[in-house]
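Here is the structure we will look at.
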Amino acid sequence: MSIIENMDIRSKQIAIIASFAVIYAIMRIVPSFPVIGAPGASFSMADILVPIYAIIFGPYISATTIFLGTFLGIVFGKPIIFLGWDFLPATMGALFIGMIIHGKKIVAIFLFVIGIVVFNLLPYTEIMIPINEQISLPYNWFHIIAALALLTPLTNMSMNWIEENSKKAIIGLFIISIIGTLFQHIIGGTVFVVTLGVYLQSINPDAFPGIWKTIFYVYPIERLAIAVISAIVATPILRSIKPIWSKSV
């Protein structure tokens, strides 16, 4: 019998958190997309791990792992961008996805709606983005679609595909990942405004409309890329193991 098999549940949880926090911390050092409005700052490849951790380990272990991994990443050399609140978007993203996979969609919808409302109530945010002289679109159009998707059977279907390891599992992983990463994005936007805009005032208020317009065109591509990579990476992992929430474990 292996050492892991001899561990009690609490010890296994601690081992999982410690081990995967280190992996997350290492991935935090690898840059991905630039943070628009914060010169020299960038998102990290660790973002692709958020839905994977949440789907495999559930809300609480994954959120704790990401929280710890964020601060380990700082120790390993990842610069602090948001006054130490850098952990919040990904940690909340993992908790949010965990709520979905545990069937707590009402809680997930509530969190998403509150996130969108709080973001739009903040100073320096833009509710509508002008496309041309005649047309303006909501900045949060993609977030709204993701929130509405939670009201449909789509998420339940996605979780069934994932649990059954069917050929559609990768589609289910993509759907859960895109909803989760869009929630993470809205939390990240809130942290961005509160820390750099309101508290530090390191961004000229007149620059915000241009920043939001640029992000408006970039974030759908960025979030889709994260969701696609997460689904591709997670698919072979889930073919060899079962998520801890799976009924068939």
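Chain labels A, B, ... are given in the sequence in which chains occur in the structure tokens; within each chain residues are numbered consecutively from 1, and ligands are likewise numbered from 1 in the order shown.
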
* Non-local contacts of segment 58-67 of chain A (12 Å; only C-alpha atoms; under 4 positions in same chain excluded) as a PyMOL selection string -> chain A and resi 10+12-28+46-54+71-74+84-104+108+180+242-246

* Looking only at strand (DSSP E) from DSSP on the backbone, list the matching residues of segment 24-177 of chain A as a PyMOL selection string. => chain A and resi 31-34+42-44+128-130+136-138

* Asked: Got a sec: who's within 9 Å of Pro138 of chain A, counting only C-alpha atoms, leaving out chain neighbours fewer than 5 positions off, as a PyMOL selection string?
  -> chain A and resi 126-130

* Structure fact -> Using only C-alpha atoms, the shortest atom-to-atom distance to Thr190 of chain A among A:Gly37, A:Gly172, A:Pro236, A:Gly115 belongs to A:Gly115

* Pick out the residues sitting within 12 Å of Ile162 of chain A, and hand them over as a count of residues only; count only C-alpha atoms, and ignore anything fewer than 2 positions along from it in its own chain. => 38

* To do: Pull the helix (DSSP H, G or I) assignments for segment 6-248 of chain A out of DSSP run on the backbone, and list those residues as an MDAnalysis selection string.
  => chainID A and resid 6 9:29 45:57 59:76 85:101 105:121 141:149 154:164 169:199 205:240

Find the nearest atom pair between each residue of segment 111-162 of chain A and segment 196-206 of chain A for residues within 9 Å, count only C-alpha atoms, give distances in Å to one decimal, sort rows by chain and ascending number, and present the table as CSV.
residue,atom,partner,partner_atom,distance
A:Leu122,CA,A:Val198,CA,8.9
A:Pro123,CA,A:Val198,CA,7.6
A:Tyr124,CA,A:Pro205,CA,6.5

* Counting only C-alpha atoms, the residue of A:Ile215, A:Ile232, A:Ile109, A:Ile144 that sits nearest Ile36 of chain A ->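 So, comparing all the options, the nearest one is A:Ile215.
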
* Work out how far apart atom CA of Ile211 of chain A and atom CA of Phe33 of chain A are and give it in Å to one decimal. =>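 Answer for the atom CA of Ile211 of chain A to atom CA of Phe33 of chain A separation: 14.8 Å.
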